[in-house]
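Asker: Here you go, input_32.txt (compact mmCIF, C-alpha atoms):
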```
# COMPACT_ATOMS: atom_id res chain seq x y z
CA ALA A 1 5.21 -12.71 -29.59
CA GLN A 2 8.38 -14.37 -28.48
CA SER A 3 8.74 -17.50 -26.44
CA GLY A 4 11.64 -18.92 -24.51
CA GLN A 5 12.85 -21.73 -22.36
CA VAL A 6 14.47 -21.53 -18.93
CA GLU A 7 16.77 -23.89 -17.08
CA ARG A 8 15.42 -25.53 -13.94
CA HIS A 9 18.83 -25.60 -12.22
CA ASP A 10 19.15 -21.79 -12.17
CA ASP A 11 18.63 -19.79 -8.99
CA ALA A 12 15.44 -17.71 -8.65
CA THR A 13 17.02 -14.38 -9.67
CA THR A 14 18.69 -15.89 -12.74
CA LEU A 15 15.43 -17.58 -13.73
CA ALA A 16 13.54 -14.28 -13.57
CA ARG A 17 16.27 -12.59 -15.60
CA ARG A 18 16.22 -15.34 -18.26
CA ILE A 19 12.44 -15.16 -18.53
CA LEU A 20 12.49 -11.37 -18.88
CA MET A 21 15.24 -11.56 -21.54
CA HIS A 22 12.65 -13.17 -23.84
CA VAL A 23 10.04 -10.44 -23.56
CA PRO A 24 10.24 -7.16 -25.48
CA VAL A 25 11.22 -4.88 -22.62
CA ALA A 26 14.24 -2.76 -21.86
CA ALA A 27 15.73 -3.87 -18.58
CA TYR A 28 18.58 -2.90 -16.30
CA TYR A 29 19.99 -5.75 -14.24
CA PRO A 30 22.22 -4.19 -11.56
CA ASN A 31 23.92 -7.44 -10.56
CA ASN A 32 25.80 -7.32 -13.88
CA PHE A 33 27.76 -4.31 -12.69
CA ALA A 34 30.56 -4.07 -10.15
CA LYS A 35 29.85 -2.05 -7.05
CA SER A 36 32.25 0.81 -6.43
CA GLN A 37 35.71 -0.25 -5.39
CA TYR A 38 36.61 3.38 -4.72
CA LEU A 39 34.37 4.13 -1.75
CA GLU A 40 37.14 3.72 0.83
CA TRP A 41 39.90 5.48 -1.07
CA ASN A 42 40.48 7.70 -4.10
CA SER A 43 36.92 9.03 -4.05
CA ARG A 44 35.45 12.51 -4.01
CA HIS A 45 33.23 11.16 -1.22
CA ALA A 46 35.54 8.84 0.67
CA GLY A 47 33.67 6.53 3.02
CA HIS A 48 30.30 7.14 1.40
CA ASN A 49 28.00 4.09 1.62
CA GLU A 50 30.81 1.76 2.72
CA ASP A 51 28.21 -0.46 4.35
CA PHE A 52 26.25 -0.59 1.04
CA SER A 53 23.05 0.29 2.91
CA SER A 54 23.30 3.89 4.11
CA CYS A 55 22.49 5.62 0.80
CA ASN A 56 18.99 5.84 -0.70
CA GLY A 57 20.06 6.86 -4.20
CA PHE A 58 18.04 10.06 -4.24
CA ASP A 59 20.31 11.40 -1.47
CA CYS A 60 23.55 10.09 -3.02
CA PRO A 61 26.24 12.80 -3.25
CA PHE A 62 27.31 11.51 -6.67
CA TRP A 63 23.72 11.87 -7.94
CA LEU A 64 23.23 15.25 -6.28
CA GLU A 65 26.39 16.60 -7.94
CA SER A 66 25.21 15.77 -11.43
CA PRO A 67 21.50 14.82 -11.59
CA GLY A 68 20.75 13.63 -15.09
CA ILE A 69 24.13 14.70 -16.49
CA GLY A 70 26.40 12.01 -17.81
CA SER A 71 26.17 8.49 -16.49
CA PRO A 72 27.40 6.73 -13.35
CA THR A 73 31.04 5.77 -13.17
CA THR A 74 32.66 3.06 -11.09
CA GLU A 75 33.20 5.75 -8.45
CA TRP A 76 29.44 5.96 -7.73
CA CYS A 77 27.93 3.79 -5.04
CA TRP A 78 25.44 1.12 -6.13
CA ALA A 79 22.44 3.10 -4.84
CA GLY A 80 23.29 6.28 -6.74
CA SER A 81 23.83 4.27 -9.91
CA PHE A 82 20.56 2.36 -9.44
CA PHE A 83 18.67 5.62 -8.86
CA TRP A 84 20.22 7.13 -12.01
CA HIS A 85 19.00 4.11 -14.02
CA LEU A 86 15.50 4.40 -12.52
CA LYS A 87 15.39 8.09 -13.47
CA LYS A 88 16.40 7.20 -17.05
CA CYS A 89 13.70 4.53 -17.17
CA LEU A 90 11.16 7.07 -15.97
CA GLN A 91 12.42 9.63 -18.50
CA TYR A 92 12.03 7.25 -21.46
CA LYS A 93 9.12 5.03 -20.40
CA ALA A 94 7.21 7.21 -17.91
CA GLY A 95 4.17 5.32 -16.56
CA LYS A 96 5.32 2.03 -18.10
CA SER A 97 8.35 1.88 -15.79
CA ILE A 98 8.43 -1.07 -13.40
CA VAL A 99 10.87 -2.28 -10.76
CA ILE A 100 10.80 -6.08 -10.53
CA GLN A 101 12.27 -7.65 -7.42
CA VAL A 102 12.75 -11.34 -6.71
CA GLN A 103 12.25 -12.00 -3.00
CA VAL A 104 13.76 -15.30 -1.95
CA GLY A 105 12.49 -16.56 1.38
CA ALA A 106 10.59 -14.53 3.94
CA GLU A 107 12.68 -11.34 3.99
CA LEU A 108 13.91 -8.80 1.47
CA GLY A 109 17.61 -8.07 1.31
CA GLU A 110 18.81 -4.67 2.60
CA GLY A 111 19.42 -3.47 -0.94
CA GLN A 112 15.93 -4.52 -2.01
CA VAL A 113 14.42 -2.42 0.78
CA ILE A 114 16.40 0.58 -0.50
CA GLU A 115 15.34 -0.16 -4.11
CA GLY A 116 11.72 -0.15 -2.93
CA ARG A 117 12.24 3.27 -1.33
CA MET A 118 13.67 4.57 -4.60
CA ALA A 119 10.73 3.24 -6.62
CA GLU A 120 8.29 4.79 -4.15
CA HIS A 121 10.19 8.10 -4.21
CA LEU A 122 9.88 8.22 -8.01
CA GLY A 123 6.34 6.79 -8.19
CA ILE A 124 7.46 3.72 -10.15
CA LYS A 125 5.37 0.54 -9.90
CA LEU A 126 7.05 -2.18 -7.83
CA VAL A 127 6.38 -5.83 -8.66
CA ARG A 128 7.67 -8.30 -6.12
CA ILE A 129 8.06 -11.94 -7.15
CA HIS A 130 8.16 -14.39 -4.21
CA CYS A 131 10.10 -17.64 -4.28
CA PRO A 132 10.31 -19.82 -1.16
CA GLU A 133 13.90 -20.90 -1.81
CA LYS A 134 16.82 -19.76 -3.97
CA PHE A 135 16.85 -23.12 -5.76
CA HIS A 136 13.50 -24.89 -6.07
CA ARG A 137 12.07 -27.04 -8.84
CA ASP A 138 8.90 -24.90 -9.02
CA ASN A 139 10.63 -21.49 -9.18
CA ALA A 140 10.22 -21.10 -12.96
CA LYS A 141 6.50 -21.83 -12.64
CA LEU A 142 6.10 -19.48 -9.66
CA ILE A 143 7.97 -16.66 -11.40
CA THR A 144 6.08 -16.93 -14.69
CA GLN A 145 2.73 -17.14 -12.88
CA GLN A 146 3.50 -14.06 -10.79
CA LEU A 147 4.81 -12.10 -13.79
CA GLY A 148 1.56 -13.05 -15.55
CA ASP A 149 -0.53 -11.93 -12.57
CA ALA A 150 1.34 -8.60 -12.68
CA GLY A 151 0.47 -8.18 -16.38
CA ILE A 152 4.06 -8.47 -17.58
CA LEU A 153 3.77 -11.69 -19.60
CA ILE A 154 1.40 -14.46 -20.55
CA TRP A 155 2.27 -17.90 -19.23
CA ASN A 156 0.80 -20.73 -21.26
CA GLY A 157 0.82 -23.33 -18.47
CA ALA A 158 3.79 -25.35 -19.73
CA SER A 159 6.49 -25.61 -17.11
CA SER A 160 9.21 -23.86 -19.12
CA TYR A 161 7.56 -21.78 -21.86
CA PHE A 162 6.15 -18.26 -21.81
CA THR A 163 5.05 -15.52 -24.20
CA ALA A 164 5.35 -11.76 -23.97
CA LYS A 165 2.17 -9.76 -23.42
```
Please go through the file and, once you have read it, give me the structure as structure tokens.
Answerer:
Amino acid sequence: AQSGQVERHDDATTLARRILMHVPVAAYYPNNFAKSQYLEWNSRHAGHNEDFSSCNGFDCPFWLESPGIGSPTTEWCWAGSFFWHLKKCLQYKAGKSIVIQVQVGAELGEGQVIEGRMAEHLGIKLVRIHCPEKFHRDNAKLITQQLGDAGILIWNGASSYFTAK
């Protein structure tokens, strides 16, 4: 088993990412990738998903043109790319696939609602981690406890240490 340490000054999403980096899982973190700059111009589907919330991934024209062939390019919208990654996860990990979302505050972001629809569409388990604020001194504890409750890792009770399940 591996163990790791997290930084208390990180925001909730970064904390969850740091914690999950120390467990033996394959993960895709979409915030590492630029959203398409080509949606308004120079695109096969000009104007597609310009508002970043009108595509559900499974209905993305980029996905529908080439389901499972190749990989997303910077031309794809975020939702089509995210759906492609979920399909790959399902292809390689089947029933072990999980979508982990960090919900900060009372409401999900628009993109998180769409990610939930994609997970439901594919039958992938969705684990939602709740943090009351983006920056809070107890976020690391809350995240590790909730990941433990979801069966993703074992938290040993120390404020900054965890072990993979």
Asker: Give me, please, the distance in Å between CA of Gly70 (chain A) and CA of Leu122 (chain A), quoted to one decimal.
Answerer: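 According to the coordinates, CA of Gly70 (chain A) and CA of Leu122 (chain A) are separated by 19.6 Å.
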Asker: Report, in Å with one decimal, the straight-line distance from CA of Gly116 (chain A) to CA of Ser53 (chain A).
Answerer: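 Straight-line distance from CA of Gly116 (chain A) to CA of Ser53 (chain A) works out to 12.8 Å.
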Asker: To one decimal place, how far is CA of Leu20 (chain A) from CA of Ser97 (chain A) in Å?
Answerer: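 CA of Leu20 (chain A) sits 14.2 Å away from CA of Ser97 (chain A).
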Asker: Restricting the calculation to all atoms listed in the file, which member of A:Ile124, A:Asn49, A:Gly109, A:Ser71 is positioned closest to Ala94 (chain A)?
Answerer: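 Checking each of A:Ile124, A:Asn49, A:Gly109, A:Ser71 against Ala94 (chain A), counting all atoms listed in the file, the winner is A:Ile124.
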Asker: Please determine, counting all atoms listed in the file, which residue among A:Thr73, A:Ala79, A:Val104, A:His136 has the shortest atom-to-atom distance to Ser54 (chain A).
Answerer: A:Ala79
Asker: A:Ala140, A:Ala150, A:Pro132, A:His45: which is nearest Leu15 (chain A), counting only C-alpha atoms?
Answerer: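 Once distances to Leu15 (chain A) are computed over only C-alpha atoms, the minimum belongs to A:Ala140.
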